[in-house]
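A.B. asks: Below: one structure in structure tokens.
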Amino acid sequence: MKHWISLVNVPEVDQYVEIAQFAEEVGFHGISVADHLVMPTKIEESRYPYTPDGKMWWPEDTPWPDPWVTLTAMGVATKKLRLATNIYLAALRDPFTAARAVSSASVLTGGRIHCGVSVGWIKEEYTLLGLDFHTRGRRLDETIDVMKKLWTARNTSHHGEFFNFDDALISPAPHGPVPIWSGGASPAALRRAARNDGWLGVPMMAKDLIETIKGLYQKRDELNQSHESFDICCSLMEALRPDLEAELDSLGAHHNMTLPWVVTPWGRAPWLADDEDVATLDTKKLAMERYANKVIHRN
């Protein structure tokens with residue numbers, strides 16, 4: 001199994017490059033960053049889907065640096081580390097801006113980019129941008145279609161529900177294919193994942209995760225798409241025991257996203273000591289090293 005570091009809700013942005021370098025050094029396969037274009041300071045209608053009370057589990061003033069700038073910075077400071085958005089709210093952008101950002105990051109990192117997307121859950125964020133929250137799924141699907149056309153770096157046209165244009169070209173093209181991984185667990189999100197290159201799992205217990213994986217393969221079968229070319233990235237709410245890792249690997253779930261030092265609503269990371277300050281880079285390195293020794297290199 002390939003292991004990824006998630007930097008979701010990690011406020012020490014100035015540490016990101018050194019975190020990426022150390023992650024590569026101790027054996028992590030990749031690193032991911034999250035995305036909000038703008039954070040509403042009043043969230044009255046929207047409920048976070050993965051906590052019992054529907055509330056965000058991070059401070060309102062958590063920084064959200066531009067994901068493609070951030071991934072590029074970490075990419076040029078590393079050699080092999082894969083780089084992903086988990087997730088990118090592409091439907092909040094026009095497809096030209098999104099396509100150019102992803103393509104530039106791909107070129108500058110030697111093709112190590114994965115574009116993880118989702119529709120998001122904050123209606124108020126869409127309202128701030130003047131966009132209809134209720135059409136965000138269709139808008140995202142069309143944005144993906146347009147980006148793929150623009151990534152050819154050839155003259156292209158498109159006529160759809162949200163975007164209509166002729167004779168457009170964006171260059172440079174990405175450095176090789178850009179895998180599109182879709183996040184979320186709603187029926188629409190899982191269908192979107194099955195249509196594309198992979199699924200970015202949301203926090204789940206193993207039983208629910210395995211059931212979801214089987215459902216994704218069923219959807220791939222209905223689309224006459226292979227299982228082998230489809231990536232699954234797990235996000236477990238329980239320990240990744242050796243037997244569970246073997247079972248997930250046998251199902252083709254070869255990627256695992258982890259937050260070694262982050263305290264979440266689902267529990268305190270076991271890779272931390274009680275007196276360690278998670279804000280420091282040294283603590284983050286210790287947690288990564290402990291995880292690598294116990295999980296990545298345990299075989």
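Labels for the structure tokens follow display order: chains A, B, ..., residues from 1 in each chain, ligands from 1.
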I want to know what sits within 7 Å of A:Ser103, based on only C-alpha atoms, with residues of the same chain fewer than 5 positions away left out; could you give that as a list in words?

C.D. replies: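 Near neighbours after the sequence-gap exclusion: Trp151, Pro172, Ala173 and Pro174 of chain A.
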
A.B. asks: Quick one: residues within 7 Å of stretch 24-35 of chain A, only C-alpha atoms, excluding same-chain residues fewer than 3 positions away - as a list in words?

C.D. replies: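 Those residues are Lys2, His3, Trp4, Ile5, Ser6, Leu7, Val8, Ala20, Gln21, Trp64, Pro67, Leu81, Arg82, Leu83, Ala84, Thr85, Asn86, Ile87, Tyr88, Leu89, Glu289 and Ala292 of chain A.
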
A.B. asks: Create the file for the chosen residues now, containing C-alpha atoms and written as a PDB file, in the first residue's frame.

C.D. replies:
```
ATOM      1  CA  LYS A   2       1.134   3.542  -0.784  1.00  0.00           C
ATOM      2  CA  HIS A   3       0.854   6.042   2.035  1.00  0.00           C
ATOM      3  CA  TRP A   4       0.058   9.742   1.752  1.00  0.00           C
ATOM      4  CA  ILE A   5       0.323  12.655   4.174  1.00  0.00           C
ATOM      5  CA  SER A   6      -2.729  14.917   4.328  1.00  0.00           C
ATOM      6  CA  LEU A   7      -2.107  18.555   5.191  1.00  0.00           C
ATOM      7  CA  VAL A   8      -5.781  19.333   5.693  1.00  0.00           C
ATOM      8  CA  ALA A  20       7.134  17.323   2.104  1.00  0.00           C
ATOM      9  CA  GLN A  21      10.892  16.818   2.012  1.00  0.00           C
ATOM     10  CA  TRP A  64      -6.102  27.842   2.816  1.00  0.00           C
ATOM     11  CA  PRO A  67      -3.350  24.386  -3.715  1.00  0.00           C
ATOM     12  CA  LEU A  81       6.783  12.574  -3.979  1.00  0.00           C
ATOM     13  CA  ARG A  82       3.337  12.488  -5.596  1.00  0.00           C
ATOM     14  CA  LEU A  83       1.217  15.599  -5.136  1.00  0.00           C
ATOM     15  CA  ALA A  84      -2.570  15.791  -4.924  1.00  0.00           C
ATOM     16  CA  THR A  85      -5.427  18.076  -4.061  1.00  0.00           C
ATOM     17  CA  ASN A  86      -7.722  16.554  -1.471  1.00  0.00           C
ATOM     18  CA  ILE A  87      -9.819  18.171  -2.645  1.00  0.00           C
ATOM     19  CA  TYR A  88      -9.934  21.033  -5.217  1.00  0.00           C
ATOM     20  CA  LEU A  89     -13.214  22.940  -5.494  1.00  0.00           C
ATOM     21  CA  GLU A 289       8.832   8.878  11.391  1.00  0.00           C
ATOM     22  CA  ALA A 292       6.705   5.215   8.696  1.00  0.00           C
TER      23      ALA A 292
END
```

A.B. asks: Tell me which protein, DNA and RNA residues are within 8 Å of A:Ala206, counting only C-alpha atoms, leaving out same-chain ones fewer than 3 positions away, and put them as JSON, numbers by chain.

C.D. replies: {"A": [209, 210, 236, 237, 238, 244]}

A.B. asks: For A:Ile144, please output as a list of chain:residue names all residues within 9 Å (counting only C-alpha atoms; exclusion window: fewer than 3 positions along the same chain).

C.D. replies: A:Ala90, A:Ala91, A:Pro95, A:Ala99, A:Arg139, A:Leu140, A:Asp141, A:Met147, A:Lys148, A:Lys149, A:Ile180

A.B. asks: Residues at most 12 Å from A:Asp197, counting only C-alpha atoms, excluding those fewer than 2 positions away in the same chain, as a ChimeraX atom specification?

C.D. replies: /A:114-117,144,177-183,190-195,199-200,216,220,225-233

A.B. asks: So that I can check the secondary structure, give me every residue of stretch 99-167 of chain A assigned strand (DSSP E or B) by backbone DSSP, as a PyMOL selection string.

C.D. replies: chain A and resi 113-117+156-159+164-167

A.B. asks: How would you write, as number ranges by chain, the set of residues in stretch 38-284 of chain A that DSSP gives as helix (DSSP H, G or I)?

C.D. replies: A: 67-76, 90-92, 95-108, 123-129, 133-150, 187-195, 206-222, 242-250, 281-284

A.B. asks: Which neighbours of stretch 129-131 of chain A fall inside 10 Å, counting only C-alpha atoms, when residues of the same chain fewer than 2 positions from it are skipped, and could you give them as a short mmCIF file (atom, residue, chain, number, x, y, z; two decimals) with N, CA and C atoms, in the first residue's frame?

C.D. replies:
```
data_model
loop_
_atom_site.label_atom_id
_atom_site.label_comp_id
_atom_site.auth_asym_id
_atom_site.auth_seq_id
_atom_site.Cartn_x
_atom_site.Cartn_y
_atom_site.Cartn_z
N LEU A 37 -11.70 28.34 -1.64
CA LEU A 37 -11.33 29.59 -2.31
C LEU A 37 -11.52 30.78 -1.39
N VAL A 38 -12.60 30.77 -0.63
CA VAL A 38 -12.87 31.81 0.36
C VAL A 38 -13.69 31.18 1.47
N ALA A 91 -15.35 23.61 -9.22
CA ALA A 91 -16.59 24.25 -9.65
C ALA A 91 -16.70 25.70 -9.20
N LEU A 92 -15.83 26.13 -8.29
CA LEU A 92 -15.80 27.53 -7.89
C LEU A 92 -14.94 28.38 -8.83
N ARG A 93 -14.27 27.74 -9.78
CA ARG A 93 -13.41 28.46 -10.72
C ARG A 93 -13.96 28.30 -12.13
N LYS A 123 -22.55 26.01 1.23
CA LYS A 123 -23.39 26.80 0.32
C LYS A 123 -22.97 28.27 0.32
N GLU A 124 -22.62 28.77 1.51
CA GLU A 124 -22.26 30.19 1.64
C GLU A 124 -21.01 30.54 0.84
N GLU A 125 -20.12 29.57 0.61
CA GLU A 125 -18.93 29.81 -0.20
C GLU A 125 -19.34 30.06 -1.65
N TYR A 126 -20.28 29.28 -2.14
CA TYR A 126 -20.79 29.49 -3.50
C TYR A 126 -21.52 30.83 -3.59
N THR A 127 -22.26 31.17 -2.57
CA THR A 127 -23.00 32.43 -2.57
C THR A 127 -22.05 33.62 -2.68
N PHE A 133 -25.36 27.04 -5.79
CA PHE A 133 -24.89 25.87 -5.04
C PHE A 133 -25.54 24.59 -5.53
N HIS A 134 -26.79 24.68 -5.98
CA HIS A 134 -27.55 23.48 -6.31
C HIS A 134 -27.19 22.88 -7.66
N THR A 135 -26.45 23.61 -8.47
CA THR A 135 -26.00 23.06 -9.76
C THR A 135 -24.51 22.74 -9.74
N ARG A 136 -23.92 22.69 -8.54
CA ARG A 136 -22.47 22.56 -8.46
C ARG A 136 -21.97 21.23 -9.00
N ARG A 139 -21.92 21.48 -12.75
CA ARG A 139 -20.87 22.44 -13.11
C ARG A 139 -19.49 21.79 -12.98
#
```

A.B. asks: From the list A:Trp68, A:Arg138, A:Phe96, A:Met39, which residue is nearest A:Ala153 when using only C-alpha atoms?

C.D. replies: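 Among the listed residues, A:Phe96 lies closest to A:Ala153.
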
A.B. asks: Take atom CA of A:Val107 and atom CA of A:His175 and report the distance between them in Å, one decimal.

C.D. replies: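 Going from atom CA of A:Val107 over to atom CA of A:His175 covers 4.9 Å.
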
A.B. asks: How far is it from atom CA of A:Ala23 to atom CA of A:Asp243, in Å with one decimal?

C.D. replies: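 About the pair atom CA of A:Ala23 and atom CA of A:Asp243: they are 24.4 Å apart.
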